[in-house]
Each structure stands twice: as C-alpha cells, then as structure tokens.
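K.L.:
Here you go, final.cif (mmCIF, C-alpha atoms and all ligand atoms):
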data_protein
loop_
_atom_site.group_PDB
_atom_site.id
_atom_site.type_symbol
_atom_site.label_atom_id
_atom_site.label_comp_id
_atom_site.auth_asym_id
_atom_site.auth_seq_id
_atom_site.Cartn_x
_atom_site.Cartn_y
_atom_site.Cartn_z
ATOM 1 C CA MET D 1 -14.661 26.842 -1.897
ATOM 2 C CA SER D 2 -11.595 25.839 0.079
ATOM 3 C CA VAL D 3 -10.107 22.354 -0.192
ATOM 4 C CA ASN D 4 -8.834 20.645 2.939
ATOM 5 C CA CYS D 5 -5.964 18.185 3.307
ATOM 6 C CA LYS D 6 -7.335 14.644 3.733
ATOM 7 C CA ILE D 7 -4.952 13.983 6.591
ATOM 8 C CA CYS D 8 -4.476 17.136 8.681
ATOM 9 C CA ASN D 9 -7.399 19.209 7.424
ATOM 10 C CA SER D 10 -5.125 22.132 6.504
ATOM 11 C CA THR D 11 -6.208 24.467 3.704
ATOM 12 C CA ARG D 12 -2.585 25.268 2.817
ATOM 13 C CA LEU D 13 -2.448 23.123 -0.328
ATOM 14 C CA VAL D 14 -0.238 23.676 -3.370
ATOM 15 C CA PHE D 15 -1.775 22.444 -6.618
ATOM 16 C CA VAL D 16 0.519 21.282 -9.441
ATOM 17 C CA ALA D 17 -0.994 19.471 -12.458
ATOM 18 C CA HIS D 18 -3.041 16.549 -11.064
ATOM 19 C CA THR D 19 -1.674 16.841 -7.514
ATOM 20 C CA ALA D 20 -2.231 18.742 -4.277
ATOM 21 C CA LYS D 21 0.572 18.922 -1.742
ATOM 22 C CA CYS D 22 -0.125 19.887 1.860
ATOM 23 C CA LYS D 23 2.252 22.528 3.192
ATOM 24 C CA ASP D 24 1.555 21.428 6.759
ATOM 25 C CA CYS D 25 1.809 17.613 6.907
ATOM 26 C CA GLY D 26 3.549 17.274 3.529
ATOM 27 C CA VAL D 27 1.327 14.560 2.021
ATOM 28 C CA LEU D 28 1.199 14.588 -1.785
ATOM 29 C CA MET D 29 -2.315 13.751 -3.006
ATOM 30 C CA TYR D 30 -4.027 13.084 -6.315
ATOM 31 C CA TYR D 31 -6.445 15.923 -7.054
ATOM 32 C CA PRO D 32 -9.399 16.072 -7.566
ATOM 33 C CA PHE D 33 -9.970 13.634 -4.694
ATOM 34 C CA GLN D 34 -11.406 10.276 -5.780
ATOM 35 C CA ASP D 35 -13.696 7.674 -4.270
ATOM 36 C CA ASP D 36 -13.449 3.881 -4.590
ATOM 37 C CA THR D 37 -16.212 3.426 -7.156
ATOM 38 C CA LEU D 38 -13.765 3.567 -10.076
ATOM 39 C CA PHE D 39 -12.131 0.304 -8.987
ATOM 40 C CA VAL D 40 -15.048 -1.686 -7.555
ATOM 41 C CA SER D 41 -15.436 -4.802 -9.718
ATOM 42 C CA LYS D 42 -18.290 -5.000 -12.184
ATOM 43 C CA GLU D 43 -20.385 -8.159 -12.138
ATOM 44 C CA ASP D 44 -20.898 -8.922 -15.828
ATOM 45 C CA PRO D 45 -19.010 -11.919 -17.323
ATOM 46 C CA ALA D 46 -16.828 -9.811 -19.648
ATOM 47 C CA SER D 47 -15.655 -7.545 -16.775
ATOM 48 C CA ILE D 48 -14.995 -10.553 -14.532
ATOM 49 C CA ALA D 49 -12.881 -12.191 -17.253
ATOM 50 C CA GLU D 50 -11.008 -8.923 -17.806
ATOM 51 C CA SER D 51 -10.296 -8.555 -14.046
ATOM 52 C CA LYS D 52 -8.928 -12.099 -13.904
ATOM 53 C CA ARG D 53 -6.725 -11.446 -16.929
ATOM 54 C CA LEU D 54 -5.379 -8.143 -15.573
ATOM 55 C CA PHE D 55 -4.578 -9.569 -12.135
ATOM 56 C CA ARG D 56 -2.862 -12.660 -13.579
ATOM 57 C CA ASP D 57 -0.817 -10.410 -15.842
ATOM 58 C CA TRP D 58 0.179 -8.175 -12.893
ATOM 59 C CA TYR D 59 1.073 -11.291 -10.890
ATOM 60 C CA ARG D 60 3.238 -12.652 -13.721
ATOM 61 C CA ARG D 61 5.275 -9.431 -13.752
ATOM 62 C CA SER D 62 5.405 -8.679 -10.012
ATOM 63 C CA ALA D 63 5.498 -12.145 -8.390
ATOM 64 C CA PHE D 64 9.287 -12.428 -8.456
ATOM 65 C CA LEU D 65 9.939 -9.241 -6.414
ATOM 66 C CA ASN D 66 6.780 -9.660 -4.323
ATOM 67 C CA HIS D 67 7.850 -13.099 -3.177
ATOM 68 C CA SER D 68 10.878 -11.710 -1.341
ATOM 69 C CA ASN D 69 9.223 -8.351 -0.468
ATOM 70 C CA PHE D 70 6.242 -10.130 1.123
ATOM 71 C CA THR D 71 8.568 -12.358 3.123
ATOM 72 C CA LYS D 72 10.403 -9.280 4.450
ATOM 73 C CA MET D 73 7.076 -7.643 5.310
ATOM 74 C CA PHE D 74 5.774 -10.721 7.113
ATOM 75 C CA LEU D 75 8.972 -11.022 9.193
ATOM 76 C CA PHE D 76 8.935 -7.298 9.989
ATOM 77 C CA ALA D 77 5.491 -7.757 11.530
ATOM 78 C CA ILE D 78 5.958 -11.238 13.004
ATOM 79 C CA GLN D 79 9.625 -11.425 13.913
ATOM 80 C CA ASP D 80 9.515 -14.882 15.454
ATOM 81 C CA PRO D 81 6.782 -17.028 13.875
ATOM 82 C CA SER D 82 7.620 -19.917 16.216
ATOM 83 C CA ARG D 83 6.155 -17.904 19.131
ATOM 84 C CA VAL D 84 2.844 -17.228 17.433
ATOM 85 C CA GLN D 85 -0.120 -19.273 18.664
ATOM 86 C CA GLU D 86 -1.871 -21.779 16.415
ATOM 87 C CA GLY D 87 -4.829 -20.760 14.292
ATOM 88 C CA ILE D 88 -4.420 -16.992 14.318
ATOM 89 C CA LYS D 89 -6.509 -15.007 11.879
ATOM 90 C CA ILE D 90 -4.702 -12.834 9.345
ATOM 91 C CA LEU D 91 -6.459 -10.398 7.023
ATOM 92 C CA ASP D 92 -4.784 -9.438 3.739
ATOM 93 C CA TYR D 93 -6.565 -6.140 3.012
ATOM 94 C CA GLY D 94 -6.291 -5.237 -0.679
ATOM 95 C CA ALA D 95 -5.110 -8.769 -1.390
ATOM 96 C CA GLY D 96 -5.088 -8.508 -5.203
ATOM 97 C CA GLY D 97 -4.126 -11.909 -6.625
ATOM 98 C CA GLY D 98 -3.682 -13.374 -3.126
ATOM 99 C CA GLN D 99 0.018 -14.266 -3.277
ATOM 100 C CA PHE D 100 0.622 -13.105 0.300
ATOM 101 C CA ALA D 101 -1.443 -16.024 1.627
ATOM 102 C CA LEU D 102 1.281 -18.388 0.414
ATOM 103 C CA ILE D 103 3.871 -16.555 2.519
ATOM 104 C CA CYS D 104 1.604 -16.629 5.599
ATOM 105 C CA LYS D 105 0.860 -20.346 5.158
ATOM 106 C CA SER D 106 4.526 -21.065 4.601
ATOM 107 C CA PHE D 107 5.487 -19.634 8.025
ATOM 108 C CA LEU D 108 2.283 -20.475 9.891
ATOM 109 C CA PRO D 109 0.511 -23.483 8.331
ATOM 110 C CA SER D 110 -2.321 -23.321 10.859
ATOM 111 C CA CYS D 111 -3.143 -19.644 10.378
ATOM 112 C CA GLU D 112 -6.389 -18.651 8.715
ATOM 113 C CA VAL D 113 -5.912 -16.118 5.945
ATOM 114 C CA TYR D 114 -8.788 -13.849 4.951
ATOM 115 C CA THR D 115 -8.744 -11.637 1.891
ATOM 116 C CA VAL D 116 -10.699 -8.625 0.762
ATOM 117 C CA ASP D 117 -10.101 -6.403 -2.243
ATOM 118 C CA VAL D 118 -11.975 -3.630 -4.044
ATOM 119 C CA ASN D 119 -11.932 -6.033 -6.999
ATOM 120 C CA ASP D 120 -13.552 -9.343 -5.965
ATOM 121 C CA TYR D 121 -12.282 -11.123 -9.059
ATOM 122 C CA GLY D 122 -8.544 -10.453 -8.793
ATOM 123 C CA LEU D 123 -7.988 -13.418 -6.469
ATOM 124 C CA ILE D 124 -6.142 -16.098 -8.452
ATOM 125 C CA ASP D 125 -8.283 -19.241 -8.652
ATOM 126 C CA GLU D 126 -5.419 -21.543 -7.658
ATOM 127 C CA TYR D 127 -5.081 -19.653 -4.329
ATOM 128 C CA ARG D 128 -8.760 -19.800 -3.407
ATOM 129 C CA PRO D 129 -8.396 -23.038 -1.372
ATOM 130 C CA LEU D 130 -5.895 -21.223 0.909
ATOM 131 C CA VAL D 131 -8.102 -18.292 1.894
ATOM 132 C CA HIS D 132 -11.485 -17.136 3.109
ATOM 133 C CA GLN D 133 -12.520 -14.396 0.738
ATOM 134 C CA ILE D 134 -14.748 -11.642 2.107
ATOM 135 C CA LYS D 135 -16.569 -9.817 -0.659
ATOM 136 C CA TRP D 136 -15.922 -6.068 -0.836
ATOM 137 C CA LYS D 137 -19.540 -5.046 -0.216
ATOM 138 C CA ASP D 138 -19.804 -7.395 2.800
ATOM 139 C CA PHE D 139 -16.611 -6.237 4.486
ATOM 140 C CA PRO D 140 -17.911 -3.260 6.541
ATOM 141 C CA THR D 141 -20.544 -5.433 8.260
ATOM 142 C CA ASP D 142 -18.514 -8.666 8.478
ATOM 143 C CA THR D 143 -17.962 -9.547 12.144
ATOM 144 C CA THR D 144 -14.670 -11.493 11.902
ATOM 145 C CA ARG D 145 -11.911 -10.093 14.142
ATOM 146 C CA PHE D 146 -8.271 -10.479 13.247
ATOM 147 C CA ASP D 147 -4.952 -10.909 15.028
ATOM 148 C CA TYR D 148 -3.024 -9.284 12.202
ATOM 149 C CA ILE D 149 -4.069 -7.104 9.296
ATOM 150 C CA PHE D 150 -1.642 -6.531 6.428
ATOM 151 C CA LEU D 151 -1.767 -3.611 3.993
ATOM 152 C CA ASN D 152 0.996 -4.488 1.547
ATOM 153 C CA ASP D 153 1.260 -1.632 -0.952
ATOM 154 C CA VAL D 154 -2.316 -0.606 -0.237
ATOM 155 C CA TYR D 155 -2.252 2.493 1.986
ATOM 156 C CA GLU D 156 -1.439 4.747 -0.979
ATOM 157 C CA HIS D 157 -4.561 3.473 -2.803
ATOM 158 C CA LEU D 158 -7.124 4.375 -0.129
ATOM 159 C CA SER D 159 -9.458 7.217 -1.061
ATOM 160 C CA ASP D 160 -10.164 7.968 2.612
ATOM 161 C CA PRO D 161 -7.233 6.603 4.662
ATOM 162 C CA ILE D 162 -8.527 7.751 8.067
ATOM 163 C CA LYS D 163 -11.987 6.246 7.532
ATOM 164 C CA THR D 164 -10.562 2.908 6.334
ATOM 165 C CA MET D 165 -8.031 2.706 9.171
ATOM 166 C CA THR D 166 -10.758 3.437 11.719
ATOM 167 C CA LEU D 167 -12.839 0.591 10.245
ATOM 168 C CA LEU D 168 -9.825 -1.761 10.275
ATOM 169 C CA GLY D 169 -9.105 -0.779 13.886
ATOM 170 C CA SER D 170 -12.599 -1.977 14.845
ATOM 171 C CA LYS D 171 -11.790 -5.378 13.314
ATOM 172 C CA LEU D 172 -8.536 -5.970 15.194
ATOM 173 C CA ASN D 173 -8.380 -8.068 18.341
ATOM 174 C CA ASP D 174 -7.301 -6.057 21.384
ATOM 175 C CA ASP D 175 -3.697 -7.285 21.241
ATOM 176 C CA GLY D 176 -3.685 -7.389 17.424
ATOM 177 C CA ALA D 177 -1.446 -5.421 15.112
ATOM 178 C CA LEU D 178 -1.680 -3.913 11.677
ATOM 179 C CA PHE D 179 1.155 -3.784 9.156
ATOM 180 C CA ILE D 180 1.575 -1.133 6.449
ATOM 181 C CA ASP D 181 4.078 -0.859 3.619
ATOM 182 C CA THR D 182 3.584 2.213 1.426
ATOM 183 C CA PRO D 183 5.547 4.651 -0.808
ATOM 184 C CA LYS D 184 6.963 7.820 0.715
ATOM 185 C CA GLN D 185 8.430 10.965 -0.754
ATOM 186 C CA PHE D 186 12.209 11.236 -0.682
ATOM 187 C CA TRP D 187 14.869 13.782 -1.722
ATOM 188 C CA ILE D 188 14.264 13.328 -5.448
ATOM 189 C CA TYR D 189 10.909 15.191 -5.173
ATOM 190 C CA THR D 190 12.471 18.437 -3.889
ATOM 191 C CA PHE D 191 15.560 17.960 -6.082
ATOM 192 C CA PHE D 192 13.557 17.549 -9.317
ATOM 193 C CA LYS D 193 11.268 20.423 -8.316
ATOM 194 C CA SER D 194 14.208 22.788 -7.900
ATOM 195 C CA LEU D 195 15.964 21.480 -11.051
ATOM 196 C CA SER D 196 13.184 21.621 -13.649
ATOM 197 C CA SER D 197 9.408 21.864 -13.629
ATOM 198 C CA LYS D 198 9.281 19.451 -16.601
ATOM 199 C CA LEU D 199 11.230 16.804 -14.708
ATOM 200 C CA TYR D 200 9.087 17.341 -11.587
ATOM 201 C CA LEU D 201 5.922 16.882 -13.670
ATOM 202 C CA ARG D 202 7.267 13.570 -14.987
ATOM 203 C CA LEU D 203 7.928 12.419 -11.456
ATOM 204 C CA LEU D 204 4.386 13.390 -10.414
ATOM 205 C CA LYS D 205 3.014 11.604 -13.476
ATOM 206 C CA GLY D 206 4.959 8.471 -12.603
ATOM 207 C CA THR D 207 4.111 8.361 -8.904
ATOM 208 C CA VAL D 208 0.715 10.045 -8.301
ATOM 209 C CA SER D 209 -2.360 8.755 -10.135
ATOM 210 C CA VAL D 210 -5.999 7.690 -9.697
ATOM 211 C CA ALA D 211 -4.533 4.485 -8.288
ATOM 212 C CA HIS D 212 -1.728 6.023 -6.177
ATOM 213 C CA LEU D 213 -3.796 8.633 -4.382
ATOM 214 C CA GLN D 214 -1.256 9.734 -1.796
ATOM 215 C CA ILE D 215 2.492 9.624 -1.360
ATOM 216 C CA TRP D 216 3.351 9.986 2.292
ATOM 217 C CA THR D 217 5.875 11.906 4.330
ATOM 218 C CA PRO D 218 6.902 10.489 7.722
ATOM 219 C CA ARG D 219 4.919 13.301 9.386
ATOM 220 C CA SER D 220 1.701 12.785 7.410
ATOM 221 C CA PHE D 221 1.958 9.023 7.877
ATOM 222 C CA ARG D 222 2.286 9.271 11.672
ATOM 223 C CA LEU D 223 -0.486 11.865 11.799
ATOM 224 C CA SER D 224 -2.805 9.570 9.829
ATOM 225 C CA MET D 225 -2.151 6.801 12.373
ATOM 226 C CA GLN D 226 -2.899 9.148 15.257
ATOM 227 C CA GLN D 227 -6.113 10.377 13.593
ATOM 228 C CA SER D 228 -7.356 6.780 13.235
ATOM 229 C CA GLY D 229 -6.566 5.732 16.802
ATOM 230 C CA PHE D 230 -3.336 3.810 16.182
ATOM 231 C CA GLN D 231 0.093 4.028 17.740
ATOM 232 C CA VAL D 232 3.284 3.139 15.910
ATOM 233 C CA VAL D 233 4.954 0.062 17.419
ATOM 234 C CA ARG D 234 7.749 -0.400 14.846
ATOM 235 C CA TYR D 235 8.821 1.925 12.000
ATOM 236 C CA ARG D 236 11.409 1.743 9.226
ATOM 237 C CA GLU D 237 12.177 3.584 5.991
ATOM 238 C CA LEU D 238 13.676 1.503 3.206
ATOM 239 C CA SER D 239 14.231 1.079 -0.519
ATOM 240 C CA GLU D 240 11.822 -1.307 -2.205
ATOM 241 C CA PHE D 241 10.311 -1.783 -5.681
ATOM 242 C CA THR D 242 7.465 -3.990 -6.919
ATOM 243 C CA MET D 243 8.382 -3.953 -10.599
ATOM 244 C CA ASN D 244 11.552 -3.793 -12.682
ATOM 245 C CA HIS D 245 12.998 -0.448 -13.812
ATOM 246 C CA SER D 246 11.253 -0.325 -17.228
ATOM 247 C CA HIS D 247 7.818 -0.184 -15.526
ATOM 248 C CA TYR D 248 8.693 3.036 -13.660
ATOM 249 C CA LEU D 249 10.448 4.680 -16.636
ATOM 250 C CA ARG D 250 7.423 3.949 -18.832
ATOM 251 C CA ASN D 251 5.066 5.470 -16.211
ATOM 252 C CA MET D 252 7.183 8.619 -16.119
ATOM 253 C CA GLY D 253 7.186 8.799 -19.930
ATOM 254 C CA ILE D 254 10.998 8.486 -20.093
ATOM 255 C CA THR D 255 11.809 6.917 -23.470
ATOM 256 C CA GLY D 256 15.018 8.680 -24.607
ATOM 257 C CA PHE D 257 18.329 6.818 -24.490
ATOM 258 C CA LEU D 258 20.042 9.060 -21.914
ATOM 259 C CA GLY D 259 16.970 9.172 -19.683
ATOM 260 C CA ARG D 260 16.669 5.384 -19.755
ATOM 261 C CA VAL D 261 20.363 4.886 -18.946
ATOM 262 C CA LEU D 262 20.237 7.352 -16.025
ATOM 263 C CA GLY D 263 16.911 5.921 -14.815
ATOM 264 C CA THR D 264 18.249 2.363 -14.910
ATOM 265 C CA LEU D 265 21.419 3.373 -13.056
ATOM 266 C CA PHE D 266 19.318 5.101 -10.407
ATOM 267 C CA TYR D 267 17.036 2.071 -9.997
ATOM 268 C CA ARG D 268 20.018 -0.276 -9.623
ATOM 269 C CA SER D 269 21.666 1.886 -6.975
ATOM 270 C CA ALA D 270 18.414 2.958 -5.286
ATOM 271 C CA LYS D 271 19.070 0.886 -2.199
ATOM 272 C CA TYR D 272 22.024 3.205 -1.473
ATOM 273 C CA LEU D 273 20.352 6.392 -2.730
ATOM 274 C CA ALA D 274 16.669 6.398 -1.901
ATOM 275 C CA LYS D 275 14.414 5.375 0.908
ATOM 276 C CA ASN D 276 11.166 5.278 -1.062
ATOM 277 C CA LYS D 277 9.020 3.196 1.313
ATOM 278 C CA ILE D 278 7.668 3.262 4.847
ATOM 279 C CA MET D 279 7.196 -0.010 6.702
ATOM 280 C CA ALA D 280 5.328 0.192 9.977
ATOM 281 C CA LEU D 281 3.618 -1.981 12.518
ATOM 282 C CA VAL D 282 0.867 -0.215 14.440
ATOM 283 C CA SER D 283 -1.621 -1.160 17.121
ATOM 284 C CA LYS D 284 -4.362 0.477 19.096
ATOM 285 C CA SER D 285 -2.575 0.201 22.439
ATOM 286 C CA GLY D 286 0.976 0.885 21.218
ATOM 287 C CA PHE D 287 1.830 -2.691 22.184
ATOM 288 C CA SER D 288 1.070 -6.046 20.660
ATOM 289 C CA HIS D 289 2.055 -9.644 21.143
ATOM 290 C CA THR D 290 4.310 -9.092 18.141
ATOM 291 C CA SER D 291 6.484 -6.668 20.092
ATOM 292 C CA LEU D 292 7.565 -9.445 22.461
HETATM 293 ZN ZN ZN G 1 -1.920 17.922 5.569
#
Since I need it in another form, could you write the structure as structure tokens?
Ligand SMILES: [Zn+2]
P.N.:
Amino acid sequence: MSVNCKICNSTRLVFVAHTAKCKDCGVLMYYPFQDDTLFVSKEDPASIAESKRLFRDWYRRSAFLNHSNFTKMFLFAIQDPSRVQEGIKILDYGAGGGQFALICKSFLPSCEVYTVDVNDYGLIDEYRPLVHQIKWKDFPTDTTRFDYIFLNDVYEHLSDPIKTMTLLGSKLNDDGALFIDTPKQFWIYTFFKSLSSKLYLRLLKGTVSVAHLQIWTPRSFRLSMQQSGFQVVRYRELSEFTMNHSHYLRNMGITGFLGRVLGTLFYRSAKYLAKNKIMALVSKSGFSHTSL
C-alpha cells in the first residue's frame, strides 16, 4: 500500500526512523501518521489535575521567551494596533495556557479573545476572566466568526493541516487574517544528514515527534496554504526559540560535555546562523485590513 504526502499527495517519500520526508514538497513528517485523539483531554478528575499541572509547568519554563515572542507575533500580524477597530474578535487556536490573551488585551483592551485547545484543561485559571473558551468538541460547529486567528507554534502539531486550515478559513470574517508561526527545516538538516547518520537521527529525534508532526519547508508551507484556500499576505523566516538551550539538547539526547558546549554555542549564535521558523500572515482574498 502506498503512502501519500499529507501536503502534496506525492508518493515519493523517504522513510528514516520515525519520519517520512517528501521528495516533492520537502515536508518532514512524523510517521506513522497520527490523529488528534492522543492529546484530547480526558474528563476524569485525576487527568484534569494532571493537565493543569503540566500546562502550568510548561508556562513556568516558557513564559519568559513567549512574552517577547508573542509580542513580536502580534505586531507582525497587526502592525499598527491604533488603527484596529474596537471590539474585534481574536481566536487563539491551540491556546495552551492562554498567555497570548494578555498580549492581545495589552494592545487592544476592547478586543474579545477566544481560545480553543485540544486540551480543554490547559487554560490557566487566572486567565479565564480574559477569554471566552470554546471547548474542543464544540469548535467545529461553533458559529463565532473571527477577525484574526492566531496559530502560535501550533501548525506543526496539526494531524491534518489542510483540513484544519479549511475549517479555520470558514470561521474567518471576509476581511480577516490568520497568523502562523511554525518551525521550518534549515541547512542543519542536510548538513547533519551528509555528515553522519547518527547525528541526523538525533536531530530527527529532537525535532520530529508525536507532538511535532511536521517540520515545514517554504515550498510545503506555501502549498499547504494554497490547498486550504489561503493566500500569503506577509511572510518572513527568522530565528526563534520557545525554551532555553538545555531543553533542545535534552530532546536530542545530547549529554556529553563537548556536545553540550557546541550545542549551547550554536543556540546562542542561532540568530546569525539559523532561520528555524516561518512567520506568515495569510487571508482568503490575499488582502486584509491588516495589510493597510
Ligand atoms: Zn509533499
């Protein structure tokens, strides 16, 4: 049975360990393909308490970098908040703990922030008064339409990116826009692959997982937008990290002294060396009030 690329439908896939890389659009995917059921929150009290604990712990470690990253993302999408009308509706899709609502409310006090996440219990209780939470199971049939939708570090998690983007497109107002920030492949993938298969496997282990289901190339990213009926309004490649260097070294299984020193040096100079993220603003018409 042939396996098709999730994005371009090609059958020209190269399988290495737990990954499949498309030779046509270049997307690097977790294989076997997953669905969302693994991460949908369970409803029993012990699981709810565990979700709350995990999300608070993630927040404690990522809040510092997210605070400035989220601000950059917001201003990439909405370059001049003073020109935005009162009371716009913003959806934070894959909101996690809900920290992004604070950034939105800081720039636009009158905006209404909605959240949805595959885990309904990640939202930090202290942020609940700031947002309207839509439960995961209710989201497909919810009729709210939004002026902006943000996917901050979410696009790589989607099990079926085209299907989700098509759904999100149906929830955008006609002049609305959708923002995406997501990891992309960069030179280190081909460099490590040509240098040593062991090193390449570590990189795959550290970057592709049941949570990070696809790592994009510019081509596969643009193709995925096209397939879901979106046009790219604004696009940038940049260097950005959510966690400090020890998080990524641990994920890659790098524990030796030399590896840690080299890894730390790379992380610290990454802004000059690596463009590991895509930031894009897309809309259905190719225009939006944000492009004014
Ligand atoms: Zn492909």
K.L.:
Name the residues, by chain letter and number, that sit within 7 Å of ligand ZN 1 (chain G) using all atoms listed in the file, and give them as a ChimeraX atom specification.
P.N.:
/D:5-10,22-27,220
K.L.:
Using the chain letters and numbering of this document, enumerate as a PyMOL selection string the residues selected by the PyMOL selection byres (((chain D and resi 145-155) around 6) and not hetatm).
P.N.:
chain D and resi 89-93+144+156-158+171-173+176-182
K.L.:
Could you tell me which residues the PyMOL selection byres (((chain D and resi 36-51) around 10) and not hetatm) grabs in this file, written as a count of residues only?
P.N.:
23
K.L.:
Calculate how many Å separate atom CA of Leu75 of chain D from atom CA of Gly98 of chain D, rounding to one decimal.
P.N.:
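One can read the atom CA of Leu75 of chain D to atom CA of Gly98 of chain D distance as 17.8 Å.
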K.L.:
Could you tell me how far atom CA of Leu28 of chain D sits from atom CA of Lys163 of chain D, in Å to one decimal place?
P.N.:
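Between these atoms lies a distance of 18.2 Å.
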K.L.:
Can you pull out the residues contacting Pro32 of chain D? Cut-off 9 Å, using only C-alpha atoms, and skip same-chain residues under 6 positions away; I want them as a PyMOL selection string.
P.N.:
chain D and resi 18-20
K.L.:
Please, which residues are within 10 Å of (5.5, -7.7, -0.1) by the file's coordinates, counting all atoms listed in the file, and could they come as an mmCIF file with C-alpha atoms, in the coordinates of the input?
P.N.:
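result13.cif was written with the following content:
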data_model
loop_
_atom_site.group_PDB
_atom_site.id
_atom_site.type_symbol
_atom_site.label_atom_id
_atom_site.label_comp_id
_atom_site.auth_asym_id
_atom_site.auth_seq_id
_atom_site.Cartn_x
_atom_site.Cartn_y
_atom_site.Cartn_z
ATOM 1 C CA SER D 62 5.405 -8.679 -10.012
ATOM 2 C CA ALA D 63 5.498 -12.145 -8.390
ATOM 3 C CA LEU D 65 9.939 -9.241 -6.414
ATOM 4 C CA ASN D 66 6.780 -9.660 -4.323
ATOM 5 C CA HIS D 67 7.850 -13.099 -3.177
ATOM 6 C CA SER D 68 10.878 -11.710 -1.341
ATOM 7 C CA ASN D 69 9.223 -8.351 -0.468
ATOM 8 C CA PHE D 70 6.242 -10.130 1.123
ATOM 9 C CA THR D 71 8.568 -12.358 3.123
ATOM 10 C CA LYS D 72 10.403 -9.280 4.450
ATOM 11 C CA MET D 73 7.076 -7.643 5.310
ATOM 12 C CA PHE D 74 5.774 -10.721 7.113
ATOM 13 C CA GLN D 99 0.018 -14.266 -3.277
ATOM 14 C CA PHE D 100 0.622 -13.105 0.300
ATOM 15 C CA ILE D 103 3.871 -16.555 2.519
ATOM 16 C CA PHE D 150 -1.642 -6.531 6.428
ATOM 17 C CA LEU D 151 -1.767 -3.611 3.993
ATOM 18 C CA ASN D 152 0.996 -4.488 1.547
ATOM 19 C CA ASP D 153 1.260 -1.632 -0.952
ATOM 20 C CA ASP D 181 4.078 -0.859 3.619
ATOM 21 C CA GLU D 240 11.822 -1.307 -2.205
ATOM 22 C CA PHE D 241 10.311 -1.783 -5.681
ATOM 23 C CA THR D 242 7.465 -3.990 -6.919
#
K.L.:
Using all atoms listed in the file, which of D:Gly259, D:Pro183, D:Gly97, D:Pro161 sits nearest Tyr127 of chain D?
P.N.:
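Closest to Tyr127 of chain D, using all atoms listed in the file: D:Gly97.
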K.L.:
I need segment 73-88 of chain D from the structure I supplied, saved as an mmCIF file, in the first residue's frame with N, CA and C atoms retained.
P.N.:
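So part20.cif came out as:
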data_model
loop_
_atom_site.group_PDB
_atom_site.id
_atom_site.type_symbol
_atom_site.label_atom_id
_atom_site.label_comp_id
_atom_site.auth_asym_id
_atom_site.auth_seq_id
_atom_site.Cartn_x
_atom_site.Cartn_y
_atom_site.Cartn_z
ATOM 1 N N MET D 73 4.951 38.366 17.428
ATOM 2 C CA MET D 73 3.964 37.740 16.540
ATOM 3 C C MET D 73 2.750 38.651 16.360
ATOM 4 N N PHE D 74 2.268 39.195 17.475
ATOM 5 C CA PHE D 74 1.091 40.064 17.419
ATOM 6 C C PHE D 74 1.369 41.245 16.487
ATOM 7 N N LEU D 75 2.560 41.873 16.644
ATOM 8 C CA LEU D 75 2.872 43.073 15.863
ATOM 9 C C LEU D 75 3.227 42.742 14.410
ATOM 10 N N PHE D 76 3.580 41.499 14.149
ATOM 11 C CA PHE D 76 3.773 41.069 12.752
ATOM 12 C C PHE D 76 2.412 41.042 12.060
ATOM 13 N N ALA D 77 1.408 40.556 12.789
ATOM 14 C CA ALA D 77 0.067 40.428 12.204
ATOM 15 C C ALA D 77 -0.671 41.776 12.203
ATOM 16 N N ILE D 78 -0.582 42.483 13.317
ATOM 17 C CA ILE D 78 -1.303 43.753 13.461
ATOM 18 C C ILE D 78 -0.241 44.831 13.675
ATOM 19 N N GLN D 79 0.209 45.415 12.562
ATOM 20 C CA GLN D 79 1.386 46.284 12.646
ATOM 21 C C GLN D 79 1.095 47.608 13.326
ATOM 22 N N ASP D 80 -0.151 48.062 13.235
ATOM 23 C CA ASP D 80 -0.494 49.330 13.881
ATOM 24 C C ASP D 80 -1.799 49.155 14.672
ATOM 25 N N PRO D 81 -1.684 48.710 15.925
ATOM 26 C CA PRO D 81 -2.905 48.433 16.702
ATOM 27 C C PRO D 81 -3.821 49.643 16.843
ATOM 28 N N SER D 82 -3.261 50.849 16.718
ATOM 29 C CA SER D 82 -4.110 52.043 16.896
ATOM 30 C C SER D 82 -5.125 52.177 15.768
ATOM 31 N N ARG D 83 -4.921 51.471 14.645
ATOM 32 C CA ARG D 83 -5.854 51.583 13.514
ATOM 33 C C ARG D 83 -6.905 50.472 13.513
ATOM 34 N N VAL D 84 -6.810 49.604 14.508
ATOM 35 C CA VAL D 84 -7.758 48.481 14.545
ATOM 36 C C VAL D 84 -9.043 48.917 15.242
ATOM 37 N N GLN D 85 -10.185 48.528 14.665
ATOM 38 C CA GLN D 85 -11.465 48.952 15.265
ATOM 39 C C GLN D 85 -11.703 48.296 16.623
ATOM 40 N N GLU D 86 -12.564 48.932 17.400
ATOM 41 C CA GLU D 86 -12.892 48.430 18.743
ATOM 42 C C GLU D 86 -13.608 47.079 18.654
ATOM 43 N N GLY D 87 -13.399 46.262 19.652
ATOM 44 C CA GLY D 87 -14.207 45.053 19.824
ATOM 45 C C GLY D 87 -13.979 43.940 18.824
ATOM 46 N N ILE D 88 -12.818 43.929 18.168
ATOM 47 C CA ILE D 88 -12.601 42.827 17.210
ATOM 48 C C ILE D 88 -12.501 41.496 17.958
#
